[in-house]
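Novice: Quick one: the structure is below, and I'll ask about it shortly.
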Amino acid sequence: MSIIRHQSGWVILATIVAAFILLIVPIPETLEYARPEFALLAVIYWCLAIPERVGIFSAWMVGLLQDALQGTMIGLHALTFTLIVYIVVKFYHRIRVSPIWSQCLTILFLLGLHQLLFRWIYGFTGRSVGDLYYWSASLSGAILWPFLFASLRFLRRQFSVS
Amino acid sequence: MDHKRNAFDFLRSSLSLGVYPIQQIVNIPSAASDYLSENLVSRGTLVDRIQELQRENTLSKARLLKLEALEHENIRLRALLDSSFEVGERVSIAEIIRVDMDPYKHHVLINKGSWDNVFRLQPILDANGVLGQVVHTSPKTSQVILISDPDHAIPVQLNRSGFRSIALGTGTTGRLELPYIPNNTDIKIGDLLITSGLGGRFPSGYPVATVTEIITNPGKPFATVSAEPTAKLDQIKEILLVWRGGPEKNSPQFNYDYQNSSNQTDNGKQSGGK
């Protein structure tokens, strides 16, 4: 049992690393604003699938690493990720059984909330973050969710992560 | 706390070391394409390039000779005036790691960090002008803010008239703004802005931008002046780190570059002789 657990932990870590790579891979500047929060989506998935293993603390760690990765204020992503994952942990029963289009709407809401908090704290520190285009990241994340969900579920079943 | 006082710099630098492998992985494709484009070029292209570099090198060397004479004269005159002036600056070359940072800032990552003696607020140049300054260092990488970032301001001076001002970043790569230029200032389109050295962060006398647009508003005290950075902020690959008053104080500026290019000429001459 312990070996399987160990192996599965490795799978979760690998998906997070892959999400980080997708976050910093250079893409054209026009698309840069619409880049979804891959790391947050991965954490939300694992939190829905195995909430007893991935939860608020993991979200905080991932957020902290993303801050270091992107050079944002230390603790900014950590804070928003923690809050979003708290909601997921609270309602994972409901989100898990809902159909995929409904899940997409939930994800849109969660990502929007993340961006709202992000923008709010950015505003506190005396910066503004663009225009309406800013919110396209939430939309692209919600549109990508079915594919991410399917591929991560495939990985989870393939490596029997539980 | 973090954005003003850098209270968590230690945490940030250790976390950055943790994500360093990820950044390296992302950088592999562009590094590989650089390597390939350097190694898979035809002989004709190489010969052309060598010739071009030789021409450039001859011109630069000629100018450098004059510069050295001027530098010594300058030091002598300043000694007469009893004013101190640091001329020797130590430079080192670093490369940009091609990863995307926070899309709302103009920051880039370079491949040298505190283990290479890079320090916070260190000025960064490229061959054409000032690029920006270091904002965070970690052991292997550092984060650089470009002069085009809306949070960045650099003290500048008009090269022609000596008028001092501040150039603010606008968030657009090719544009800086000079908000405090009175309407009656002697300024023309095409004027070169150089660092004034005020504020103590940037060494004085390096080109920053050229003036591209002047709109005088008769109703307002200040004119709207835009300038274009001389450094190519969106296509940089290699950058220069500057240490002021380095160990070799009396050596000519850009000592490293000078030696490097003289070697290249020798090689070129040899191959040309054969």
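Residues are referred to by chain and number: the chain letter is A, B, ... according to the order shown in the structure tokens, the number counts from 1 in that chain, and ligands are numbered separately from 1 in the order shown.
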Which polymer residues have any atom within 10 Å of an atom of Thr172 (chain B), counting only C-alpha atoms, with same-chain residues fewer than 5 positions away left out, as an mmCIF file with C-alpha atoms, in the first residue's frame?
Specialist:
```
data_model
loop_
_atom_site.group_PDB
_atom_site.id
_atom_site.type_symbol
_atom_site.label_atom_id
_atom_site.label_comp_id
_atom_site.auth_asym_id
_atom_site.auth_seq_id
_atom_site.Cartn_x
_atom_site.Cartn_y
_atom_site.Cartn_z
ATOM 1 C CA HIS B 106 7.876 43.886 -18.045
ATOM 2 C CA SER B 148 9.498 50.053 -20.207
ATOM 3 C CA ASP B 149 7.709 48.677 -17.112
ATOM 4 C CA PRO B 150 5.055 51.137 -15.896
#
```
Novice: Would you write out, as JSON lines, a table of all residues in chain B that have an atom no more than 7 Å from an atom of chain A, listing for each the closest atom pair and the distance in Å to one decimal, considering only C-alpha atoms and ordering rows by chain and rising residue number?
Specialist:
```
{"residue": "B:Asp2", "atom": "CA", "partner": "A:Met73", "partner_atom": "CA", "distance": 6.2}
{"residue": "B:His3", "atom": "CA", "partner": "A:Met73", "partner_atom": "CA", "distance": 6.1}
{"residue": "B:Arg12", "atom": "CA", "partner": "A:Ala68", "partner_atom": "CA", "distance": 6.0}
{"residue": "B:Leu15", "atom": "CA", "partner": "A:Ala68", "partner_atom": "CA", "distance": 5.8}
{"residue": "B:Ser16", "atom": "CA", "partner": "A:Ala68", "partner_atom": "CA", "distance": 5.2}
{"residue": "B:Val19", "atom": "CA", "partner": "A:Leu69", "partner_atom": "CA", "distance": 6.2}
{"residue": "B:Ile22", "atom": "CA", "partner": "A:Ile21", "partner_atom": "CA", "distance": 6.4}
{"residue": "B:Val26", "atom": "CA", "partner": "A:Val25", "partner_atom": "CA", "distance": 5.9}
{"residue": "B:Arg98", "atom": "CA", "partner": "A:Pro26", "partner_atom": "CA", "distance": 6.8}
{"residue": "B:Val99", "atom": "CA", "partner": "A:Ile24", "partner_atom": "CA", "distance": 5.2}
{"residue": "B:Asp100", "atom": "CA", "partner": "A:Ile24", "partner_atom": "CA", "distance": 4.7}
{"residue": "B:Met101", "atom": "CA", "partner": "A:Gln70", "partner_atom": "CA", "distance": 4.6}
{"residue": "B:Asp102", "atom": "CA", "partner": "A:Gln70", "partner_atom": "CA", "distance": 5.2}
{"residue": "B:Pro103", "atom": "CA", "partner": "A:Glu32", "partner_atom": "CA", "distance": 6.5}
{"residue": "B:Tyr104", "atom": "CA", "partner": "A:Val129", "partner_atom": "CA", "distance": 6.0}
```
Novice: To one decimal in Å, tell me the separation between CA of Val130 (chain B) and CA of Val208 (chain B).
Specialist: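 Interatomic distance here is 5.2 Å.
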Novice: What's around Phe57 (chain A) at 10 Å? Count only C-alpha atoms, leave out sequence neighbours fewer than 3 positions away in its own chain, and write the answer as a PyMOL selection string.
Specialist: chain A and resi 53-54+60-63+78+81-82+85-86
Novice: Hey, can you spit out that residue selection with C-alpha atoms as a PDB file, in the first residue's frame?
Specialist:
```
ATOM      1  CA  ARG A  53      -4.860  13.859   0.064  1.00  0.00           C
ATOM      2  CA  VAL A  54      -4.745  17.139  -1.834  1.00  0.00           C
ATOM      3  CA  TRP A  60      -0.724  26.899  -0.588  1.00  0.00           C
ATOM      4  CA  MET A  61       2.547  25.208  -1.505  1.00  0.00           C
ATOM      5  CA  VAL A  62       1.740  25.249  -5.223  1.00  0.00           C
ATOM      6  CA  GLY A  63       0.742  28.912  -5.009  1.00  0.00           C
ATOM      7  CA  ALA A  78      -0.636  31.173  -2.371  1.00  0.00           C
ATOM      8  CA  PHE A  81      -5.180  29.341  -4.339  1.00  0.00           C
ATOM      9  CA  THR A  82      -5.867  28.600  -0.669  1.00  0.00           C
ATOM     10  CA  VAL A  85      -9.356  25.325  -2.844  1.00  0.00           C
ATOM     11  CA  TYR A  86     -11.159  25.910   0.428  1.00  0.00           C
TER      12      TYR A  86
END
```
Novice: Under the rule that only C-alpha atoms are counted, which of A:Ala19, A:Leu83, A:Leu148, A:Val88 is the nearest residue to Pro51 (chain A)?
Specialist: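 Going through A:Ala19, A:Leu83, A:Leu148, A:Val88 one by one, the smallest distance to Pro51 (chain A) is for A:Val88.
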Novice: Figure out the distance between CA of Gln133 (chain B) and CA of His107 (chain B), please, to one decimal in Å.
Specialist: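 Spanning CA of His107 (chain B) to CA of Gln133 (chain B) is a straight-line distance of 9.8 Å.
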